[in-house]
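What follows is the content of target-v5.pdb, which has PDB, C-alpha atoms:
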MODEL        1
ATOM      1  CA  MET A1009      20.341 -15.404  -1.311
ATOM      2  CA  ASN A1010      21.823 -13.190  -4.024
ATOM      3  CA  ASP A1011      18.439 -13.004  -5.734
ATOM      4  CA  ASP A1012      16.950 -11.619  -2.519
ATOM      5  CA  ILE A1013      19.669  -8.959  -2.280
ATOM      6  CA  PHE A1014      19.085  -7.947  -5.895
ATOM      7  CA  ALA A1015      15.336  -7.848  -5.248
ATOM      8  CA  GLU A1016      15.904  -5.508  -2.277
ATOM      9  CA  VAL A1017      18.118  -3.165  -4.306
ATOM     10  CA  GLU A1018      15.645  -3.181  -7.190
ATOM     11  CA  LEU A1019      12.780  -2.417  -4.811
ATOM     12  CA  GLU A1020      14.707   0.476  -3.229
ATOM     13  CA  LYS A1021      15.292   1.946  -6.706
ATOM     14  CA  LYS A1022      11.634   1.552  -7.703
ATOM     15  CA  ILE A1023      10.476   3.279  -4.519
ATOM     16  CA  ALA A1024      12.973   6.122  -4.955
ATOM     17  CA  ALA A1025      11.879   6.668  -8.573
ATOM     18  CA  THR A1026       8.125   6.386  -8.022
ATOM     19  CA  PHE A1027       7.660   7.938  -4.575
ATOM     20  CA  SER A1028      10.849  10.026  -4.056
ATOM     21  CA  ILE A1029      11.486   8.325  -0.730
ATOM     22  CA  ASP A1030      14.878   6.920   0.150
ATOM     23  CA  VAL A1031      14.273   3.727   2.082
ATOM     24  CA  ASP A1032      17.058   1.589   3.402
ATOM     25  CA  ILE A1033      15.614  -1.913   3.562
ATOM     26  CA  ASP A1034      16.844  -3.639   6.696
ATOM     27  CA  SER A1035      14.931  -6.901   6.324
ATOM     28  CA  VAL A1036      12.264  -8.322   4.056
ATOM     29  CA  ILE A1037       9.426  -9.958   5.951
ATOM     30  CA  ALA A1038       7.503 -11.313   2.957
ATOM     31  CA  LEU A1039       8.883 -11.146  -0.577
ATOM     32  CA  ARG A1040       6.489 -11.099  -3.527
ATOM     33  CA  VAL A1041       3.522 -12.743  -1.818
ATOM     34  CA  PRO A1042       0.429 -12.986  -4.014
ATOM     35  CA  ILE A1043      -2.396 -10.542  -3.288
ATOM     36  CA  SER A1044      -4.538 -11.505  -6.291
ATOM     37  CA  ARG A1045      -4.208 -13.661  -9.370
ATOM     38  CA  THR A1046      -1.878 -11.070 -10.939
ATOM     39  CA  GLY A1047      -0.635  -8.942  -8.033
ATOM     40  CA  GLU A1048       2.229  -9.199  -5.570
ATOM     41  CA  ALA A1049       3.173  -7.476  -2.337
ATOM     42  CA  THR A1050       6.464  -7.137  -0.519
ATOM     43  CA  LEU A1051       6.478  -6.396   3.202
ATOM     44  CA  PHE A1052       9.727  -4.958   4.525
ATOM     45  CA  LEU A1053      11.238  -3.241   7.539
ATOM     46  CA  THR A1054      13.506  -0.213   7.065
ATOM     47  CA  SER A1055      16.612   0.639   9.040
ATOM     48  CA  LYS A1056      14.463   3.182  10.952
ATOM     49  CA  LYS A1057      12.211   0.277  12.013
ATOM     50  CA  GLN A1058       9.282   1.422   9.871
ATOM     51  CA  LEU A1059       7.182  -1.292   8.264
ATOM     52  CA  TYR A1060       6.124  -0.751   4.639
ATOM     53  CA  VAL A1061       4.226  -2.825   2.138
ATOM     54  CA  TYR A1062       4.877  -2.319  -1.578
ATOM     55  CA  ILE A1063       2.017  -3.511  -3.783
ATOM     56  CA  ASP A1064       2.108  -3.947  -7.545
ATOM     57  CA  SER A1065      -0.398  -5.570  -9.841
ATOM     58  CA  GLN A1066      -0.950  -6.045 -13.542
ATOM     59  CA  PRO A1067      -4.339  -4.282 -13.671
ATOM     60  CA  ILE A1068      -4.433  -0.757 -12.325
ATOM     61  CA  LEU A1069      -5.484  -0.676  -8.689
ATOM     62  CA  THR A1070      -7.312   2.159  -6.968
ATOM     63  CA  LEU A1071      -6.786   3.495  -3.468
ATOM     64  CA  GLY A1072      -9.928   1.616  -2.430
ATOM     65  CA  ASP A1073      -8.499  -1.642  -3.799
ATOM     66  CA  VAL A1074      -5.229  -1.087  -1.943
ATOM     67  CA  ARG A1075      -7.092  -0.380   1.308
ATOM     68  CA  LYS A1076      -9.013  -3.622   0.935
ATOM     69  CA  ILE A1077      -5.857  -5.621   0.127
ATOM     70  CA  VAL A1078      -3.980  -4.183   3.114
ATOM     71  CA  GLY A1079      -6.870  -5.145   5.394
ATOM     72  CA  LYS A1080      -7.081  -8.667   3.951
ATOM     73  CA  MET A1081      -3.328  -9.094   4.507
ATOM     74  CA  GLY A1082      -3.934  -8.517   8.231
ATOM     75  CA  LEU A1083      -2.252  -5.099   8.303
ATOM     76  CA  LYS A1084      -3.416  -1.713   9.544
ATOM     77  CA  ALA A1085      -2.322   1.209   7.410
ATOM     78  CA  ASP A1086      -0.858   4.358   8.914
ATOM     79  CA  SER A1087      -0.570   6.300   5.652
ATOM     80  CA  TYR A1088      -0.686   5.793   1.921
ATOM     81  CA  VAL A1089       2.336   7.346   0.208
ATOM     82  CA  PRO A1090       1.309   9.476  -2.806
ATOM     83  CA  PRO A1091       3.309   9.491  -6.050
ATOM     84  CA  ALA A1092       6.426  11.674  -6.232
ATOM     85  CA  GLY A1093       5.843  15.409  -6.491
ATOM     86  CA  ARG A1094       2.108  15.203  -5.757
ATOM     87  CA  PRO A1095       1.542  15.333  -2.001
ATOM     88  CA  ARG A1096      -2.208  15.995  -2.448
ATOM     89  CA  TYR A1097      -2.645  13.409  -5.221
ATOM     90  CA  PHE A1098      -5.612  11.585  -3.680
ATOM     91  CA  ASP A1099      -7.438  14.863  -2.945
ATOM     92  CA  GLU A1100      -6.773  16.162  -6.480
ATOM     93  CA  VAL A1101      -8.216  13.035  -8.081
ATOM     94  CA  GLY A1102     -11.125  13.002  -5.626
ATOM     95  CA  ILE A1103     -12.039  16.613  -6.425
ATOM     96  CA  ALA A1104     -11.775  15.993 -10.172
ATOM     97  CA  ARG A1105     -14.031  12.920  -9.969
ATOM     98  CA  PHE A1106     -16.488  14.759  -7.716
ATOM     99  CA  LYS A1107     -16.693  17.629 -10.221
ATOM    100  CA  GLU A1108     -17.421  15.150 -13.031
ATOM    101  CA  VAL A1109     -20.434  13.882 -11.112
ATOM    102  CA  PHE A1110     -21.561  17.225  -9.637
ATOM    103  CA  PRO A1111     -20.380  19.933 -12.066
ATOM    104  CA  GLY A1112     -22.511  22.680 -10.495
ATOM    105  CA  ARG A1113     -21.190  22.382  -6.923
ATOM    106  CA  ARG A1114     -18.879  25.227  -5.936
ATOM    107  CA  THR A1115     -18.007  24.404  -2.322
ATOM    108  CA  ILE A1116     -16.496  20.971  -1.787
ATOM    109  CA  SER A1117     -15.662  19.573   1.641
ATOM    110  CA  ASP A1118     -13.488  16.629   2.653
ATOM    111  CA  ALA A1119     -16.622  14.649   3.464
ATOM    112  CA  ASP A1120     -17.887  15.209  -0.091
ATOM    113  CA  ILE A1121     -14.792  13.727  -1.705
ATOM    114  CA  ALA A1122     -14.162  10.900   0.786
ATOM    115  CA  TYR A1123     -15.579   8.271  -1.579
ATOM    116  CA  TYR A1124     -14.139   9.818  -4.744
ATOM    117  CA  ARG A1125     -10.664   9.800  -3.170
ATOM    118  CA  THR A1126     -10.806   5.989  -3.134
ATOM    119  CA  LEU A1127     -11.209   5.968  -6.943
ATOM    120  CA  ALA A1128      -7.703   7.389  -7.512
ATOM    121  CA  PRO A1129      -5.493   5.066  -9.596
ATOM    122  CA  TYR A1130      -2.720   3.790  -7.345
ATOM    123  CA  ARG A1131      -0.234   1.436  -8.955
ATOM    124  CA  PRO A1132       2.303   0.720  -7.631
ATOM    125  CA  ALA A1133       1.298   1.417  -4.041
ATOM    126  CA  LEU A1134       3.436   2.056  -0.971
ATOM    127  CA  VAL A1135       1.787   1.885   2.428
ATOM    128  CA  LEU A1136       3.284   2.716   5.810
ATOM    129  CA  VAL A1137       1.965   0.059   8.193
ATOM    130  CA  SER A1138       1.095   0.864  11.792
ATOM    131  CA  GLU A1139       0.289  -2.648  13.011
ATOM    132  CA  VAL A1140       0.119  -6.310  12.060
ATOM    133  CA  SER A1141      -3.318  -7.129  13.434
ATOM    134  CA  ASP A1142      -3.044 -10.635  14.860
ATOM    135  CA  GLY A1143       0.649 -11.331  14.351
ATOM    136  CA  THR A1144       0.053 -13.046  11.026
ATOM    137  CA  VAL A1145       0.565 -11.718   7.511
ATOM    138  CA  TYR A1146      -1.814 -13.291   4.986
ATOM    139  CA  GLN A1147      -1.488 -13.947   1.275
ATOM    140  CA  TYR A1148      -4.003 -14.633  -1.475
ATOM    141  CA  ASP A1149      -4.906 -18.251  -2.119
ATOM    142  CA  ALA A1150      -7.730 -19.117  -4.502
ATOM    143  CA  ASP A1151      -8.114 -22.572  -2.957
ATOM    144  CA  ALA A1152      -8.562 -21.331   0.620
ATOM    145  CA  ARG A1153     -12.084 -21.038   1.983
ATOM    146  CA  THR A1154     -11.729 -17.303   2.674
ATOM    147  CA  GLY A1155      -9.414 -16.663  -0.278
ATOM    148  CA  TRP A1156      -6.521 -15.813   2.063
ATOM    149  CA  ARG A1157      -4.099 -18.047   3.970
ATOM    150  CA  PRO A1158      -1.298 -17.298   6.449
ATOM    151  CA  SER A1159       1.980 -16.375   4.794
ATOM    152  CA  THR A1160       4.246 -15.610   7.722
ATOM    153  CA  LYS A1161       4.153 -14.788  11.412
ATOM    154  CA  PHE A1162       5.355 -11.304  12.321
ATOM    155  CA  THR A1163       4.525  -9.054  15.254
ATOM    156  CA  TYR A1164       4.722  -5.292  14.803
ATOM    157  CA  ARG A1165       3.061  -2.256  16.334
ATOM    158  CA  ARG A1166       4.237   1.264  15.673
ATOM    159  CA  ILE A1167       4.254   3.435  18.781
ATOM    160  CA  ARG A1168       3.757   7.115  18.064
ATOM    161  CA  THR A1169       6.107   9.535  19.741
ATOM    162  CA  SER A1170       5.824  13.284  19.837
TER
ENDMDL
END

What would you get if you wrote out this structure as structure tokens?
Amino acid sequence: MNDDIFAEVELEKKIAATFSIDVDIDSVIALRVPISRTGEATLFLTSKKQLYVYIDSQPILTLGDVRKIVGKMGLKADSYVPPAGRPRYFDEVGIARFKEVFPGRRTISDADIAYYRTLAPYRPALVLVSEVSDGTVYQYDADARTGWRPSTKFTYRRIRTS
């Protein structure tokens, strides 16, 4: 029990330092579930009833990797929180990568950098979740037929208000 409390406090500090967001963790839904052979994810609910997933892995993940992991976990992402002090981080990296490939292009649209945005390094990752797809959160399991097995049951759907 005390280890879980310390893990929550440590996670709050990591999020505040990396993303400059003060989250008050109300309850942890899934603590350190495996998402790969070397990665872990923590799914938690804040006191404002927002569901977040914090993903960390030994190798550096990209935004594309994180999107795939979130989908495999049975979650639908609302937004991907950029690192602290860089609100346009994914666009900046996408434009830089696009210019490496196409150095002569002067006008760049959002459609042009859509793929290159997914190549942005993103470790650790913090994702605001909008929905748990079928009421089940999945975790990585190398022995499972699909590579993923149910971790916990949890129902959540974020309702947008104006």

- Take the PyMOL selection byres ((chain A and resi 1072-1075) around 9), apply it to the structure above, and return the hits as a PyMOL selection string. chain A and resi 1063+1069-1071+1076-1080+1085+1088+1123+1125-1128+1130-1131+1133+1135

Keeping only C-alpha atoms, write the selected residues as a PDB file, in the coordinates of the input.
ATOM      1  CA  ILE A1063       2.017  -3.511  -3.783  1.00  0.00           C
ATOM      2  CA  LEU A1069      -5.484  -0.676  -8.689  1.00  0.00           C
ATOM      3  CA  THR A1070      -7.312   2.159  -6.968  1.00  0.00           C
ATOM      4  CA  LEU A1071      -6.786   3.495  -3.468  1.00  0.00           C
ATOM      5  CA  LYS A1076      -9.013  -3.622   0.935  1.00  0.00           C
ATOM      6  CA  ILE A1077      -5.857  -5.621   0.127  1.00  0.00           C
ATOM      7  CA  VAL A1078      -3.980  -4.183   3.114  1.00  0.00           C
ATOM      8  CA  GLY A1079      -6.870  -5.145   5.394  1.00  0.00           C
ATOM      9  CA  LYS A1080      -7.081  -8.667   3.951  1.00  0.00           C
ATOM     10  CA  ALA A1085      -2.322   1.209   7.410  1.00  0.00           C
ATOM     11  CA  TYR A1088      -0.686   5.793   1.921  1.00  0.00           C
ATOM     12  CA  TYR A1123     -15.579   8.271  -1.579  1.00  0.00           C
ATOM     13  CA  ARG A1125     -10.664   9.800  -3.170  1.00  0.00           C
ATOM     14  CA  THR A1126     -10.806   5.989  -3.134  1.00  0.00           C
ATOM     15  CA  LEU A1127     -11.209   5.968  -6.943  1.00  0.00           C
ATOM     16  CA  ALA A1128      -7.703   7.389  -7.512  1.00  0.00           C
ATOM     17  CA  TYR A1130      -2.720   3.790  -7.345  1.00  0.00           C
ATOM     18  CA  ARG A1131      -0.234   1.436  -8.955  1.00  0.00           C
ATOM     19  CA  ALA A1133       1.298   1.417  -4.041  1.00  0.00           C
ATOM     20  CA  VAL A1135       1.787   1.885   2.428  1.00  0.00           C
TER      21      VAL A1135
END

With only C-alpha atoms counted and 9 Å as the cut-off, give the residues of segment 1033-1089 of chain A in contact with segment 1148-1162 of chain A, each with its shortest interatomic distance in Å and the pair that gives it, as JSON lines.
{"residue": "A:Ile1037", "atom": "CA", "partner": "A:Phe1162", "partner_atom": "CA", "distance": 7.7}
{"residue": "A:Ala1038", "atom": "CA", "partner": "A:Thr1160", "partner_atom": "CA", "distance": 7.2}
{"residue": "A:Val1041", "atom": "CA", "partner": "A:Ser1159", "partner_atom": "CA", "distance": 7.7}
{"residue": "A:Pro1042", "atom": "CA", "partner": "A:Tyr1148", "partner_atom": "CA", "distance": 5.4}
{"residue": "A:Ile1043", "atom": "CA", "partner": "A:Tyr1148", "partner_atom": "CA", "distance": 4.8}
{"residue": "A:Ser1044", "atom": "CA", "partner": "A:Tyr1148", "partner_atom": "CA", "distance": 5.8}
{"residue": "A:Arg1045", "atom": "CA", "partner": "A:Tyr1148", "partner_atom": "CA", "distance": 8.0}
{"residue": "A:Lys1080", "atom": "CA", "partner": "A:Trp1156", "partner_atom": "CA", "distance": 7.4}
{"residue": "A:Met1081", "atom": "CA", "partner": "A:Trp1156", "partner_atom": "CA", "distance": 7.8}

- Message: List the spatial neighbours of Asp1064 of chain A as a count of residues only - criterion: any atom at most 6 Å away, all atoms listed in the file, same-chain residues fewer than 4 positions off excluded.
- Response: 3

Which residues are close to Val1089 of chain A, i.e. within 10 Å by only C-alpha atoms, leaving aside same-chain residues fewer than 5 positions away? Reply as a PDB file with C-alpha atoms, keeping the file's coordinate frame.
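Produced file part26.pdb, reproduced below:
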ATOM      1  CA  PHE A1027       7.660   7.938  -4.575  1.00  0.00           C
ATOM      2  CA  SER A1028      10.849  10.026  -4.056  1.00  0.00           C
ATOM      3  CA  ILE A1029      11.486   8.325  -0.730  1.00  0.00           C
ATOM      4  CA  TYR A1060       6.124  -0.751   4.639  1.00  0.00           C
ATOM      5  CA  ARG A1094       2.108  15.203  -5.757  1.00  0.00           C
ATOM      6  CA  PRO A1095       1.542  15.333  -2.001  1.00  0.00           C
ATOM      7  CA  TYR A1097      -2.645  13.409  -5.221  1.00  0.00           C
ATOM      8  CA  PHE A1098      -5.612  11.585  -3.680  1.00  0.00           C
ATOM      9  CA  TYR A1130      -2.720   3.790  -7.345  1.00  0.00           C
ATOM     10  CA  ALA A1133       1.298   1.417  -4.041  1.00  0.00           C
ATOM     11  CA  LEU A1134       3.436   2.056  -0.971  1.00  0.00           C
ATOM     12  CA  VAL A1135       1.787   1.885   2.428  1.00  0.00           C
ATOM     13  CA  LEU A1136       3.284   2.716   5.810  1.00  0.00           C
TER      14      LEU A1136
END

- I would like the residues chosen by the PyMOL selection byres ((chain A and resi 1016-1019) around 9) on the shown file; could you give them as JSON, numbers by chain? {"A": [1011, 1012, 1013, 1014, 1015, 1020, 1021, 1022, 1023, 1024, 1033, 1035, 1036, 1050, 1062]}

- Query: Separation of atom CA of Val1140 of chain A and atom CA of Asp1030 of chain A, in Å?
  - Reply: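 A separation of 23.1 Å between them.
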
- the PyMOL selection byres ((chain A and resi 1116) around 12) applied to the shown file, residues as an MDAnalysis selection string: chainID A and resid 1099:1100 1102:1107 1110:1115 1117:1122 1124

- Query: Counting only C-alpha atoms, what is within 6 Å of Glu1139 of chain A, bar same-chain residues fewer than 6 positions away, as a VMD selection string?
  - Reply: chain A and resid 1083 to 1084 1164 to 1165

Missing atoms in segment 1095-1127 of chain A should be modelled up to N, CA and C atoms and reported as a PDB file, in the coordinates of the input.
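Done, and the output landed in rebuild36.pdb:
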ATOM      1  N   PRO A1095       1.926  15.684  -3.370  1.00  0.00           N
ATOM      2  CA  PRO A1095       1.542  15.333  -2.001  1.00  0.00           C
ATOM      3  C   PRO A1095       0.031  15.296  -1.769  1.00  0.00           C
ATOM      4  N   ARG A1096      -0.745  16.000  -2.586  1.00  0.00           N
ATOM      5  CA  ARG A1096      -2.208  15.995  -2.448  1.00  0.00           C
ATOM      6  C   ARG A1096      -2.864  15.203  -3.581  1.00  0.00           C
ATOM      7  N   TYR A1097      -2.180  14.182  -4.067  1.00  0.00           N
ATOM      8  CA  TYR A1097      -2.645  13.409  -5.221  1.00  0.00           C
ATOM      9  C   TYR A1097      -4.054  12.848  -5.024  1.00  0.00           C
ATOM     10  N   PHE A1098      -4.314  12.217  -3.905  1.00  0.00           N
ATOM     11  CA  PHE A1098      -5.612  11.585  -3.680  1.00  0.00           C
ATOM     12  C   PHE A1098      -6.731  12.627  -3.606  1.00  0.00           C
ATOM     13  N   ASP A1099      -6.449  13.781  -2.994  1.00  0.00           N
ATOM     14  CA  ASP A1099      -7.438  14.863  -2.945  1.00  0.00           C
ATOM     15  C   ASP A1099      -7.691  15.441  -4.331  1.00  0.00           C
ATOM     16  N   GLU A1100      -6.627  15.623  -5.127  1.00  0.00           N
ATOM     17  CA  GLU A1100      -6.773  16.162  -6.480  1.00  0.00           C
ATOM     18  C   GLU A1100      -7.666  15.270  -7.329  1.00  0.00           C
ATOM     19  N   VAL A1101      -7.413  13.977  -7.301  1.00  0.00           N
ATOM     20  CA  VAL A1101      -8.216  13.035  -8.081  1.00  0.00           C
ATOM     21  C   VAL A1101      -9.640  12.994  -7.543  1.00  0.00           C
ATOM     22  N   GLY A1102      -9.792  13.015  -6.224  1.00  0.00           N
ATOM     23  CA  GLY A1102     -11.125  13.002  -5.626  1.00  0.00           C
ATOM     24  C   GLY A1102     -11.944  14.211  -6.021  1.00  0.00           C
ATOM     25  N   ILE A1103     -11.333  15.391  -6.031  1.00  0.00           N
ATOM     26  CA  ILE A1103     -12.039  16.613  -6.425  1.00  0.00           C
ATOM     27  C   ILE A1103     -12.402  16.556  -7.901  1.00  0.00           C
ATOM     28  N   ALA A1104     -11.490  16.085  -8.739  1.00  0.00           N
ATOM     29  CA  ALA A1104     -11.775  15.993 -10.172  1.00  0.00           C
ATOM     30  C   ALA A1104     -12.932  15.033 -10.442  1.00  0.00           C
ATOM     31  N   ARG A1105     -12.935  13.886  -9.779  1.00  0.00           N
ATOM     32  CA  ARG A1105     -14.031  12.920  -9.969  1.00  0.00           C
ATOM     33  C   ARG A1105     -15.351  13.463  -9.426  1.00  0.00           C
ATOM     34  N   PHE A1106     -15.286  14.172  -8.304  1.00  0.00           N
ATOM     35  CA  PHE A1106     -16.488  14.759  -7.716  1.00  0.00           C
ATOM     36  C   PHE A1106     -17.085  15.794  -8.669  1.00  0.00           C
ATOM     37  N   LYS A1107     -16.216  16.606  -9.284  1.00  0.00           N
ATOM     38  CA  LYS A1107     -16.693  17.629 -10.221  1.00  0.00           C
ATOM     39  C   LYS A1107     -17.280  17.025 -11.498  1.00  0.00           C
ATOM     40  N   GLU A1108     -16.829  15.835 -11.889  1.00  0.00           N
ATOM     41  CA  GLU A1108     -17.421  15.150 -13.031  1.00  0.00           C
ATOM     42  C   GLU A1108     -18.863  14.755 -12.731  1.00  0.00           C
ATOM     43  N   VAL A1109     -19.106  14.336 -11.509  1.00  0.00           N
ATOM     44  CA  VAL A1109     -20.434  13.882 -11.112  1.00  0.00           C
ATOM     45  C   VAL A1109     -21.339  15.057 -10.760  1.00  0.00           C
ATOM     46  N   PHE A1110     -20.798  16.060 -10.073  1.00  0.00           N
ATOM     47  CA  PHE A1110     -21.561  17.225  -9.637  1.00  0.00           C
ATOM     48  C   PHE A1110     -20.906  18.499 -10.181  1.00  0.00           C
ATOM     49  N   PRO A1111     -21.086  18.790 -11.471  1.00  0.00           N
ATOM     50  CA  PRO A1111     -20.380  19.933 -12.066  1.00  0.00           C
ATOM     51  C   PRO A1111     -20.830  21.295 -11.533  1.00  0.00           C
ATOM     52  N   GLY A1112     -22.002  21.396 -10.969  1.00  0.00           N
ATOM     53  CA  GLY A1112     -22.511  22.680 -10.495  1.00  0.00           C
ATOM     54  C   GLY A1112     -22.098  23.054  -9.085  1.00  0.00           C
ATOM     55  N   ARG A1113     -21.549  22.115  -8.322  1.00  0.00           N
ATOM     56  CA  ARG A1113     -21.190  22.382  -6.923  1.00  0.00           C
ATOM     57  C   ARG A1113     -19.951  23.254  -6.858  1.00  0.00           C
ATOM     58  N   ARG A1114     -20.013  24.313  -6.077  1.00  0.00           N
ATOM     59  CA  ARG A1114     -18.879  25.227  -5.936  1.00  0.00           C
ATOM     60  C   ARG A1114     -18.059  24.944  -4.671  1.00  0.00           C
ATOM     61  N   THR A1115     -18.733  24.691  -3.560  1.00  0.00           N
ATOM     62  CA  THR A1115     -18.007  24.404  -2.322  1.00  0.00           C
ATOM     63  C   THR A1115     -17.944  22.890  -2.135  1.00  0.00           C
ATOM     64  N   ILE A1116     -16.716  22.407  -1.937  1.00  0.00           N
ATOM     65  CA  ILE A1116     -16.496  20.971  -1.787  1.00  0.00           C
ATOM     66  C   ILE A1116     -15.747  20.738  -0.484  1.00  0.00           C
ATOM     67  N   SER A1117     -16.303  19.883   0.360  1.00  0.00           N
ATOM     68  CA  SER A1117     -15.662  19.573   1.641  1.00  0.00           C
ATOM     69  C   SER A1117     -14.951  18.218   1.563  1.00  0.00           C
ATOM     70  N   ASP A1118     -14.171  17.918   2.589  1.00  0.00           N
ATOM     71  CA  ASP A1118     -13.488  16.629   2.653  1.00  0.00           C
ATOM     72  C   ASP A1118     -14.486  15.481   2.718  1.00  0.00           C
ATOM     73  N   ALA A1119     -15.601  15.693   3.375  1.00  0.00           N
ATOM     74  CA  ALA A1119     -16.622  14.649   3.464  1.00  0.00           C
ATOM     75  C   ALA A1119     -17.229  14.364   2.091  1.00  0.00           C
ATOM     76  N   ASP A1120     -17.332  15.392   1.252  1.00  0.00           N
ATOM     77  CA  ASP A1120     -17.887  15.209  -0.091  1.00  0.00           C
ATOM     78  C   ASP A1120     -16.998  14.327  -0.959  1.00  0.00           C
ATOM     79  N   ILE A1121     -15.691  14.464  -0.818  1.00  0.00           N
ATOM     80  CA  ILE A1121     -14.792  13.727  -1.705  1.00  0.00           C
ATOM     81  C   ILE A1121     -14.222  12.456  -1.078  1.00  0.00           C
ATOM     82  N   ALA A1122     -14.701  12.083   0.099  1.00  0.00           N
ATOM     83  CA  ALA A1122     -14.162  10.900   0.786  1.00  0.00           C
ATOM     84  C   ALA A1122     -14.270   9.653  -0.089  1.00  0.00           C
ATOM     85  N   TYR A1123     -15.415   9.443  -0.709  1.00  0.00           N
ATOM     86  CA  TYR A1123     -15.579   8.271  -1.579  1.00  0.00           C
ATOM     87  C   TYR A1123     -14.776   8.426  -2.864  1.00  0.00           C
ATOM     88  N   TYR A1124     -14.789   9.598  -3.447  1.00  0.00           N
ATOM     89  CA  TYR A1124     -14.139   9.818  -4.744  1.00  0.00           C
ATOM     90  C   TYR A1124     -12.611   9.729  -4.628  1.00  0.00           C
ATOM     91  N   ARG A1125     -12.092   9.967  -3.435  1.00  0.00           N
ATOM     92  CA  ARG A1125     -10.664   9.800  -3.170  1.00  0.00           C
ATOM     93  C   ARG A1125     -10.250   8.338  -3.369  1.00  0.00           C
ATOM     94  N   THR A1126     -11.130   7.416  -3.024  1.00  0.00           N
ATOM     95  CA  THR A1126     -10.806   5.989  -3.134  1.00  0.00           C
ATOM     96  C   THR A1126     -10.762   5.520  -4.584  1.00  0.00           C
ATOM     97  N   LEU A1127     -11.210   6.337  -5.523  1.00  0.00           N
ATOM     98  CA  LEU A1127     -11.209   5.968  -6.943  1.00  0.00           C
ATOM     99  C   LEU A1127      -9.911   6.360  -7.646  1.00  0.00           C
TER     100      LEU A1127
END
